[in-house]
$ cat entry13.pdb   # PDB, C-alpha atoms and all ligand atoms
ATOM      1  CA  MET A  19      -3.415 -22.455   4.849
ATOM      2  CA  LYS A  20      -4.343 -18.872   3.953
ATOM      3  CA  ASN A  21      -7.354 -18.531   1.656
ATOM      4  CA  LEU A  22      -6.956 -16.602  -1.627
ATOM      5  CA  ALA A  23      -9.969 -14.446  -0.776
ATOM      6  CA  MET A  24      -8.227 -13.407   2.461
ATOM      7  CA  ILE A  25      -4.867 -12.691   0.898
ATOM      8  CA  SER A  26      -4.158  -9.075   0.150
ATOM      9  CA  ASN A  27      -0.857  -9.654  -1.535
ATOM     10  CA  ILE A  28       1.580 -12.320  -2.708
ATOM     11  CA  THR A  29       5.286 -11.854  -2.050
ATOM     12  CA  LEU A  30       7.791 -13.720  -4.199
ATOM     13  CA  ILE A  31      11.245 -14.489  -2.849
ATOM     14  CA  GLY A  32      14.096 -16.453  -4.384
ATOM     15  CA  PHE A  33      17.577 -16.249  -5.787
ATOM     16  CA  MET A  34      18.505 -13.843  -8.584
ATOM     17  CA  GLY A  35      17.291 -15.257 -11.878
ATOM     18  CA  SER A  36      14.739 -17.640 -10.398
ATOM     19  CA  GLY A  37      11.923 -15.941 -12.327
ATOM     20  CA  LYS A  38      10.321 -13.721  -9.662
ATOM     21  CA  THR A  39       9.743 -10.801 -12.016
ATOM     22  CA  THR A  40       8.401 -12.806 -14.954
ATOM     23  CA  VAL A  41       6.178 -14.993 -12.804
ATOM     24  CA  GLY A  42       5.116 -12.032 -10.665
ATOM     25  CA  LYS A  43       3.960 -10.033 -13.680
ATOM     26  CA  LEU A  44       2.018 -12.998 -14.972
ATOM     27  CA  LEU A  45       0.371 -13.687 -11.605
ATOM     28  CA  ALA A  46      -0.545 -10.036 -11.237
ATOM     29  CA  SER A  47      -2.205 -10.017 -14.621
ATOM     30  CA  ILE A  48      -4.132 -13.252 -13.909
ATOM     31  CA  LEU A  49      -5.364 -11.926 -10.556
ATOM     32  CA  ALA A  50      -5.804  -8.327 -11.754
ATOM     33  CA  TYR A  51      -3.404  -7.297  -8.973
ATOM     34  CA  ASN A  52      -0.733  -4.595  -9.113
ATOM     35  CA  PHE A  53       2.780  -5.780  -9.845
ATOM     36  CA  ILE A  54       5.508  -4.321  -7.646
ATOM     37  CA  ASP A  55       9.234  -5.005  -7.911
ATOM     38  CA  THR A  56      11.362  -3.761  -5.012
ATOM     39  CA  ASP A  57      14.440  -3.309  -7.240
ATOM     40  CA  ASP A  58      12.444  -1.225  -9.754
ATOM     41  CA  LEU A  59      11.046   0.945  -6.991
ATOM     42  CA  ILE A  60      14.511   1.583  -5.579
ATOM     43  CA  GLU A  61      15.911   2.422  -9.018
ATOM     44  CA  SER A  62      13.138   4.836  -9.856
ATOM     45  CA  LYS A  63      13.234   6.537  -6.464
ATOM     46  CA  GLU A  64      17.027   6.903  -6.478
ATOM     47  CA  GLY A  65      17.250   7.660 -10.195
ATOM     48  CA  ILE A  66      20.170   5.247 -10.726
ATOM     49  CA  SER A  67      20.575   1.527 -11.367
ATOM     50  CA  ILE A  68      21.103  -1.084  -8.651
ATOM     51  CA  SER A  69      24.614  -1.655 -10.036
ATOM     52  CA  GLU A  70      25.381   2.048  -9.647
ATOM     53  CA  ILE A  71      24.037   2.042  -6.085
ATOM     54  CA  PHE A  72      26.312  -0.901  -5.207
ATOM     55  CA  LYS A  73      29.269   0.754  -6.915
ATOM     56  CA  THR A  74      28.937   4.276  -5.558
ATOM     57  CA  ARG A  75      27.240   3.775  -2.174
ATOM     58  CA  GLY A  76      27.940   0.140  -1.282
ATOM     59  CA  GLU A  77      25.814  -2.900  -0.552
ATOM     60  CA  GLU A  78      24.917  -1.828   2.972
ATOM     61  CA  HIS A  79      23.284   1.340   1.714
ATOM     62  CA  PHE A  80      21.371  -0.681  -0.875
ATOM     63  CA  ARG A  81      20.147  -3.024   1.885
ATOM     64  CA  GLN A  82      18.817  -0.046   3.854
ATOM     65  CA  LEU A  83      16.920   1.201   0.817
ATOM     66  CA  GLU A  84      15.632  -2.334   0.213
ATOM     67  CA  SER A  85      14.403  -2.719   3.806
ATOM     68  CA  SER A  86      12.497   0.535   3.838
ATOM     69  CA  THR A  87      11.006  -0.303   0.431
ATOM     70  CA  LEU A  88       9.872  -3.707   1.709
ATOM     71  CA  ASN A  89       8.425  -2.131   4.832
ATOM     72  CA  HIS A  90       6.313   0.112   2.625
ATOM     73  CA  VAL A  91       5.187  -2.319  -0.104
ATOM     74  CA  ILE A  92       4.179  -5.044   2.323
ATOM     75  CA  THR A  93       1.296  -2.847   3.475
ATOM     76  CA  LEU A  94      -0.179  -2.508  -0.014
ATOM     77  CA  LYS A  95      -3.285  -4.448  -0.995
ATOM     78  CA  ASN A  96      -4.020  -6.535  -4.067
ATOM     79  CA  SER A  97      -0.409  -6.674  -5.116
ATOM     80  CA  VAL A  98       2.117  -9.214  -6.285
ATOM     81  CA  ILE A  99       5.483  -8.158  -4.858
ATOM     82  CA  SER A 100       8.726  -9.367  -6.396
ATOM     83  CA  THR A 101      11.662  -8.927  -4.023
ATOM     84  CA  GLY A 102      15.410  -8.756  -4.617
ATOM     85  CA  GLY A 103      17.223 -12.052  -4.068
ATOM     86  CA  GLY A 104      19.070 -10.746  -1.011
ATOM     87  CA  ILE A 105      15.969  -9.631   0.869
ATOM     88  CA  VAL A 106      16.272 -12.609   3.237
ATOM     89  CA  THR A 107      19.800 -11.682   4.349
ATOM     90  CA  ILE A 108      18.573  -8.929   6.681
ATOM     91  CA  ASP A 109      16.916  -9.956   9.969
ATOM     92  CA  ARG A 110      14.490  -7.047   9.924
ATOM     93  CA  ASN A 111      13.221  -8.145   6.510
ATOM     94  CA  MET A 112      12.667 -11.668   7.803
ATOM     95  CA  GLU A 113      10.479 -10.169  10.548
ATOM     96  CA  ILE A 114       8.516  -8.138   7.998
ATOM     97  CA  LEU A 115       8.056 -11.232   5.800
ATOM     98  CA  LYS A 116       6.455 -13.125   8.689
ATOM     99  CA  ASP A 117       3.258 -11.142   8.132
ATOM    100  CA  ALA A 118       3.243 -11.670   4.376
ATOM    101  CA  ASN A 119       2.086 -14.486   2.165
ATOM    102  CA  VAL A 120       5.507 -15.597   0.939
ATOM    103  CA  ILE A 121       6.211 -17.865  -2.011
ATOM    104  CA  TYR A 122       9.773 -19.098  -2.521
ATOM    105  CA  LEU A 123      10.623 -19.836  -6.149
ATOM    106  CA  GLU A 124      13.233 -22.511  -5.596
ATOM    107  CA  ALA A 125      15.677 -23.091  -8.455
ATOM    108  CA  THR A 126      18.900 -25.069  -8.658
ATOM    109  CA  ALA A 127      22.182 -23.279  -9.291
ATOM    110  CA  ARG A 128      22.271 -24.862 -12.756
ATOM    111  CA  GLN A 129      18.838 -23.502 -13.692
ATOM    112  CA  ILE A 130      19.704 -20.068 -12.305
ATOM    113  CA  TYR A 131      22.949 -20.027 -14.269
ATOM    114  CA  ASN A 132      21.138 -20.964 -17.471
ATOM    115  CA  ASN A 133      18.590 -18.202 -16.892
ATOM    116  CA  ILE A 134      21.076 -15.386 -16.309
ATOM    117  CA  LYS A 135      24.440 -16.377 -17.766
ATOM    118  CA  HIS A 136      24.230 -13.591 -20.386
ATOM    119  CA  ASP A 137      22.910 -10.964 -17.983
ATOM    120  CA  ARG A 138      25.519  -8.711 -16.387
ATOM    121  CA  SER A 139      23.155  -6.544 -14.344
ATOM    122  CA  ARG A 140      23.797  -8.189 -10.951
ATOM    123  CA  PRO A 141      26.767  -6.765  -9.051
ATOM    124  CA  LEU A 142      27.085  -9.777  -6.731
ATOM    125  CA  LEU A 143      27.605 -12.104  -9.699
ATOM    126  CA  GLU A 144      30.225 -10.052 -11.503
ATOM    127  CA  GLY A 145      33.516 -11.693 -12.413
ATOM    128  CA  ASP A 146      34.695 -14.756 -14.260
ATOM    129  CA  ASP A 147      33.020 -17.714 -12.654
ATOM    130  CA  MET A 148      29.359 -16.880 -12.353
ATOM    131  CA  TYR A 149      28.296 -20.473 -11.756
ATOM    132  CA  SER A 150      30.562 -20.839  -8.701
ATOM    133  CA  LYS A 151      29.354 -17.517  -7.333
ATOM    134  CA  ILE A 152      25.738 -18.615  -7.697
ATOM    135  CA  ASN A 153      26.489 -21.876  -5.873
ATOM    136  CA  GLU A 154      28.383 -20.139  -3.127
ATOM    137  CA  ILE A 155      25.722 -17.492  -2.422
ATOM    138  CA  LEU A 156      22.845 -19.938  -2.815
ATOM    139  CA  ASP A 157      24.413 -22.182  -0.166
ATOM    140  CA  THR A 158      24.408 -19.324   2.320
ATOM    141  CA  ARG A 159      20.808 -18.347   1.568
ATOM    142  CA  ARG A 160      18.914 -21.586   0.985
ATOM    143  CA  SER A 161      17.826 -22.037   4.595
ATOM    144  CA  LEU A 162      16.823 -18.369   4.820
ATOM    145  CA  TYR A 163      14.523 -18.669   1.793
ATOM    146  CA  GLU A 164      13.048 -21.854   3.211
ATOM    147  CA  GLY A 165      12.570 -20.253   6.621
ATOM    148  CA  ALA A 166      10.749 -17.239   5.197
ATOM    149  CA  ALA A 167       8.474 -19.216   2.867
ATOM    150  CA  ASP A 168       4.840 -20.114   3.380
ATOM    151  CA  HIS A 169       5.020 -22.119   0.144
ATOM    152  CA  ILE A 170       7.963 -23.478  -1.843
ATOM    153  CA  ILE A 171       7.583 -23.948  -5.586
ATOM    154  CA  GLN A 172      10.316 -25.826  -7.444
ATOM    155  CA  VAL A 173      10.724 -24.007 -10.743
ATOM    156  CA  ASP A 174      13.405 -25.904 -12.703
ATOM    157  CA  GLY A 175      12.306 -26.644 -16.264
ATOM    158  CA  LYS A 176       8.883 -25.075 -15.788
ATOM    159  CA  THR A 177       7.347 -22.265 -17.826
ATOM    160  CA  PRO A 178       6.159 -19.077 -16.100
ATOM    161  CA  GLU A 179       2.576 -20.193 -16.836
ATOM    162  CA  GLU A 180       3.154 -23.547 -15.102
ATOM    163  CA  ILE A 181       4.739 -21.839 -12.103
ATOM    164  CA  ALA A 182       1.909 -19.293 -11.811
ATOM    165  CA  SER A 183      -0.653 -22.040 -11.949
ATOM    166  CA  LEU A 184       1.178 -24.058  -9.253
ATOM    167  CA  ILE A 185       1.203 -20.974  -7.034
ATOM    168  CA  LEU A 186      -2.508 -20.370  -7.532
ATOM    169  CA  ARG A 187      -3.285 -23.998  -6.696
ATOM    170  CA  ARG A 188      -1.461 -23.626  -3.372
ATOM    171  CA  MET A 189      -3.478 -20.582  -2.305
TER     172      MET A 189
HETATM  173  C1  LIG B 201      20.461  -9.165  -5.210
HETATM  174  C2  LIG B 201      19.453  -9.439  -6.106
HETATM  175  C3  LIG B 201      19.007  -8.494  -7.125
HETATM  176  C4  LIG B 201      19.241  -7.052  -6.635
HETATM  177  C5  LIG B 201      20.659  -6.869  -6.229
HETATM  178  C6  LIG B 201      21.104  -7.822  -5.111
HETATM  179  C7  LIG B 201      20.893 -10.213  -4.259
HETATM  180  O1  LIG B 201      17.621  -8.676  -7.411
HETATM  181  O2  LIG B 201      18.388  -6.761  -5.567
HETATM  182  O3  LIG B 201      21.466  -7.069  -7.362
HETATM  183  O4  LIG B 201      21.569  -9.902  -3.267
HETATM  184  O5  LIG B 201      20.529 -11.397  -4.485
HETATM  185  P1  LIG B 201      17.040  -9.928  -8.287
HETATM  186  O6  LIG B 201      16.894 -11.079  -7.345
HETATM  187  O7  LIG B 201      15.725  -9.407  -8.759
HETATM  188  O8  LIG B 201      18.013 -10.176  -9.374
END

$ encode --input "entry13.pdb" --output "structure tokens" --more "lines below"
Ligand code: S3P
Amino acid sequence: MKNLAMISNITLIGFMGSGKTTVGKLLASILAYNFIDTDDLIESKEGISISEIFKTRGEEHFRQLESSTLNHVITLKNSVISTGGGIVTIDRNMEILKDANVIYLEATARQIYNNIKHDRSRPLLEGDDMYSKINEILDTRRSLYEGAADHIIQVDGKTPEEIASLILRRM
């Protein structure tokens, strides 16, 4: 197990709506680390939203931006890094994550749906049946999240404070 004193950053992975951003911000403030969100970095660098990038340039272009962002942020020190839910779908990212301290926030499809059912900001979940889409995509990614994780934290029904404290206890 890696020791907290030796860890220069914490990288959160997990499905859309599993709480990476909320928990990441909280962890960063507890540890006095920087908080970094790969989606936010991409949006501010490109000057348009993730939805717009998907719409006008396509998912593949977004994945390239995401990979180069990950490649950069992983080198930063004293940071909590929240990644986009699809980060594990690209082999190169899985390689990069091998050198990171990776926490998978594992949530059921039901919990994810409850968290984001009113949020329309995710292009991959657009359309009528968001719950089915979540299930479908989660099925294809579950083993990737598990494979990339140093620690798995089950988050259903837990508050961000409880999740942050579980993460800190694992370090
Ligand atoms: C995606 C997750 C999103 C964002 C994009 C694609 C995915 O990030 O990167 O919409 O493929 O799961 P969040 O996990 O922060 O919602």

$ atom_distance --input "entry13.pdb" --atom1 "atom CA of Leu123 of chain A" --atom2 "atom CA of Gly32 of chain A"
5.2 Å

$ residues_near_ligand --input "entry13.pdb" --ligand "ligand LIG 201 (chain B)" --cutoff "6 Å" --atoms "only C-alpha atoms and all ligand atoms" --output "MDAnalysis selection string"
chainID A and resid 33:35 57 102:104 140:141

$ write_last_selection --input "entry13.pdb" --atoms "C-alpha atoms" --output "CSV table (one decimal), in the frame of the given file"
chain,number,residue,atom,x,y,z
A,33,PHE,CA,17.6,-16.2,-5.8
A,34,MET,CA,18.5,-13.8,-8.6
A,35,GLY,CA,17.3,-15.3,-11.9
A,57,ASP,CA,14.4,-3.3,-7.2
A,102,GLY,CA,15.4,-8.8,-4.6
A,103,GLY,CA,17.2,-12.1,-4.1
A,104,GLY,CA,19.1,-10.7,-1.0
A,140,ARG,CA,23.8,-8.2,-11.0
A,141,PRO,CA,26.8,-6.8,-9.1

$ resolve_selection --input "entry13.pdb" --expression "the PyMOL selection byres (((chain A and resi 188) around 12) and not hetatm)" --output "MDAnalysis selection string"
chainID A and resid 19:22 28 119:121 168:171 181:187 189

$ residues_near_point --input "entry13.pdb" --point "(9.7, -11.9, -4.1)" --cutoff "6 Å" --atoms "all atoms listed in the file" --output "list in words"
Thr29, Leu30, Ile31, Lys38, Ile99, Ser100 and Thr101 of chain A

$ residues_around --input "entry13.pdb" --residues "Tyr51 of chain A" --least-positions-apart "3" --cutoff "10 Å" --atoms "all atoms listed in the file" --output "PyMOL selection string"
chain A and resi 26-28+42-48+54+95-99

$ write_last_selection --input "entry13.pdb" --atoms "C-alpha atoms" --output "tab-separated table (two decimals), in the frame of the given file"
chain	number	residue	atom	x	y	z
A	26	SER	CA	-4.16	-9.07	0.15
A	27	ASN	CA	-0.86	-9.65	-1.54
A	28	ILE	CA	1.58	-12.32	-2.71
A	42	GLY	CA	5.12	-12.03	-10.66
A	43	LYS	CA	3.96	-10.03	-13.68
A	44	LEU	CA	2.02	-13.00	-14.97
A	45	LEU	CA	0.37	-13.69	-11.60
A	46	ALA	CA	-0.55	-10.04	-11.24
A	47	SER	CA	-2.20	-10.02	-14.62
A	48	ILE	CA	-4.13	-13.25	-13.91
A	54	ILE	CA	5.51	-4.32	-7.65
A	95	LYS	CA	-3.28	-4.45	-1.00
A	96	ASN	CA	-4.02	-6.54	-4.07
A	97	SER	CA	-0.41	-6.67	-5.12
A	98	VAL	CA	2.12	-9.21	-6.28
A	99	ILE	CA	5.48	-8.16	-4.86

$ decode --input "entry13.pdb" --residues "segment 39-186 of chain A" --atoms "C-alpha atoms" --output "compact mmCIF listing (two decimals), in the first residue's frame"
# COMPACT_ATOMS: atom_id res chain seq x y z
CA THR A 39 -15.84 16.37 -8.63
CA THR A 40 -17.64 16.90 -5.32
CA VAL A 41 -15.51 14.39 -3.45
CA GLY A 42 -12.34 15.59 -5.18
CA LYS A 43 -12.91 19.19 -4.13
CA LEU A 44 -13.54 18.11 -0.57
CA LEU A 45 -10.45 15.89 -0.44
CA ALA A 46 -8.33 18.66 -1.90
CA SER A 47 -9.51 21.08 0.75
CA ILE A 48 -8.90 18.57 3.58
CA LEU A 49 -5.38 17.82 2.33
CA ALA A 50 -4.64 21.40 1.23
CA TYR A 51 -3.98 20.00 -2.26
CA ASN A 52 -4.87 21.59 -5.59
CA PHE A 53 -8.07 20.38 -7.20
CA ILE A 54 -7.87 19.59 -10.90
CA ASP A 55 -10.72 18.44 -13.13
CA THR A 56 -9.73 17.19 -16.58
CA ASP A 57 -13.08 18.23 -18.11
CA ASP A 58 -12.73 21.78 -16.71
CA LEU A 59 -9.20 22.06 -18.04
CA ILE A 60 -10.30 20.96 -21.51
CA GLU A 61 -13.23 23.39 -21.51
CA SER A 62 -11.13 26.34 -20.43
CA LYS A 63 -8.32 25.57 -22.86
CA GLU A 64 -10.68 25.06 -25.81
CA GLY A 65 -13.06 27.84 -24.79
CA ILE A 66 -16.17 25.69 -25.39
CA SER A 67 -18.16 23.14 -23.41
CA ILE A 68 -17.60 19.38 -23.55
CA SER A 69 -21.02 19.04 -25.20
CA GLU A 70 -19.97 21.48 -27.92
CA ILE A 71 -16.70 19.61 -28.46
CA PHE A 72 -18.63 16.34 -28.91
CA LYS A 73 -21.12 18.01 -31.22
CA THR A 74 -18.76 19.96 -33.45
CA ARG A 75 -15.56 17.89 -33.39
CA GLY A 76 -16.69 14.41 -32.33
CA GLU A 77 -15.88 12.09 -29.46
CA GLU A 78 -12.55 10.97 -30.89
CA HIS A 79 -11.22 14.50 -30.87
CA PHE A 80 -12.41 14.93 -27.28
CA ARG A 81 -10.58 11.72 -26.31
CA GLN A 82 -7.35 13.09 -27.79
CA LEU A 83 -7.71 16.29 -25.78
CA GLU A 84 -8.51 14.21 -22.69
CA SER A 85 -5.43 12.00 -23.12
CA SER A 86 -3.03 14.88 -23.50
CA THR A 87 -4.63 16.62 -20.51
CA LEU A 88 -4.22 13.47 -18.40
CA ASN A 89 -0.63 13.09 -19.53
CA HIS A 90 0.05 16.60 -18.26
CA VAL A 91 -1.90 16.63 -14.97
CA ILE A 92 -0.56 13.28 -13.80
CA THR A 93 2.86 14.87 -13.38
CA LEU A 94 1.60 17.56 -11.00
CA LYS A 95 2.30 17.32 -7.28
CA ASN A 96 -0.02 17.74 -4.31
CA SER A 97 -3.13 17.50 -6.42
CA VAL A 98 -6.45 15.73 -6.39
CA ILE A 99 -7.32 14.96 -10.01
CA SER A 100 -10.90 14.28 -11.06
CA THR A 101 -11.07 12.56 -14.45
CA GLY A 102 -13.86 12.26 -17.01
CA GLY A 103 -15.83 9.02 -16.79
CA GLY A 104 -14.52 7.78 -20.14
CA ILE A 105 -10.85 8.15 -19.29
CA VAL A 106 -10.50 4.36 -18.92
CA THR A 107 -11.73 3.66 -22.46
CA ILE A 108 -8.40 4.61 -24.04
CA ASP A 109 -5.47 2.18 -23.69
CA ARG A 110 -2.90 4.96 -23.47
CA ASN A 111 -4.74 6.45 -20.50
CA MET A 112 -4.75 3.08 -18.75
CA GLU A 113 -0.95 3.03 -19.14
CA ILE A 114 -0.67 6.55 -17.72
CA LEU A 115 -2.93 5.61 -14.78
CA LYS A 116 -0.60 2.74 -13.83
CA ASP A 117 1.80 5.28 -12.34
CA ALA A 118 -0.89 7.15 -10.44
CA ASN A 119 -2.61 6.57 -7.14
CA VAL A 120 -6.05 5.74 -8.50
CA ILE A 121 -9.29 5.64 -6.54
CA TYR A 122 -12.39 4.25 -8.25
CA LEU A 123 -15.64 5.70 -6.92
CA GLU A 124 -17.91 2.76 -7.61
CA ALA A 125 -21.63 3.53 -7.86
CA THR A 126 -24.56 1.46 -9.05
CA ALA A 127 -26.50 2.52 -12.13
CA ARG A 128 -29.44 3.39 -9.86
CA GLN A 129 -27.35 5.72 -7.70
CA ILE A 130 -25.78 7.33 -10.76
CA TYR A 131 -29.21 7.87 -12.31
CA ASN A 132 -30.50 9.47 -9.12
CA ASN A 133 -27.48 11.78 -9.00
CA ILE A 134 -27.73 13.06 -12.57
CA LYS A 135 -31.25 12.47 -13.86
CA HIS A 136 -31.90 16.24 -14.09
CA ASP A 137 -28.50 17.08 -15.57
CA ARG A 138 -28.35 17.29 -19.36
CA SER A 139 -24.67 18.21 -19.68
CA ARG A 140 -23.39 14.76 -20.71
CA PRO A 141 -23.56 14.07 -24.44
CA LEU A 142 -23.26 10.29 -24.04
CA LEU A 143 -26.41 10.19 -21.90
CA GLU A 144 -28.61 12.30 -24.14
CA GLY A 145 -31.95 10.90 -25.26
CA ASP A 146 -35.03 9.42 -23.68
CA ASP A 147 -33.89 6.53 -21.56
CA MET A 148 -31.01 7.77 -19.48
CA TYR A 149 -31.17 4.87 -17.03
CA SER A 150 -30.73 2.26 -19.78
CA LYS A 151 -27.86 4.24 -21.27
CA ILE A 152 -26.12 4.38 -17.90
CA ASN A 153 -26.53 0.62 -17.47
CA GLU A 154 -25.32 -0.12 -20.96
CA ILE A 155 -22.18 2.05 -20.74
CA LEU A 156 -21.42 1.02 -17.17
CA ASP A 157 -21.45 -2.64 -18.23
CA THR A 158 -18.78 -1.95 -20.83
CA ARG A 159 -16.59 0.02 -18.42
CA ARG A 160 -16.88 -1.72 -15.05
CA SER A 161 -13.90 -4.02 -15.56
CA LEU A 162 -11.81 -1.13 -16.90
CA TYR A 163 -12.45 0.96 -13.77
CA GLU A 164 -11.64 -2.03 -11.59
CA GLY A 165 -8.48 -2.77 -13.56
CA ALA A 166 -7.19 0.79 -13.25
CA ALA A 167 -7.96 1.17 -9.54
CA ASP A 168 -5.56 0.94 -6.63
CA HIS A 169 -8.55 1.32 -4.30
CA ILE A 170 -12.28 0.86 -4.86
CA ILE A 171 -14.71 2.85 -2.74
CA GLN A 172 -18.40 1.96 -2.92
CA VAL A 173 -20.25 5.27 -2.79
CA ASP A 174 -23.98 4.43 -2.88
CA GLY A 175 -25.91 6.25 -0.16
CA LYS A 176 -22.80 7.89 1.28
CA THR A 177 -22.19 11.61 1.76
CA PRO A 178 -19.14 13.26 0.17
CA GLU A 179 -17.68 13.61 3.69
CA GLU A 180 -18.07 9.86 4.33
CA ILE A 181 -16.49 9.02 0.98
CA ALA A 182 -13.55 11.39 1.54
CA SER A 183 -12.94 9.91 4.94
CA LEU A 184 -13.03 6.34 3.55
CA ILE A 185 -10.48 7.36 0.92
CA LEU A 186 -8.17 8.91 3.51
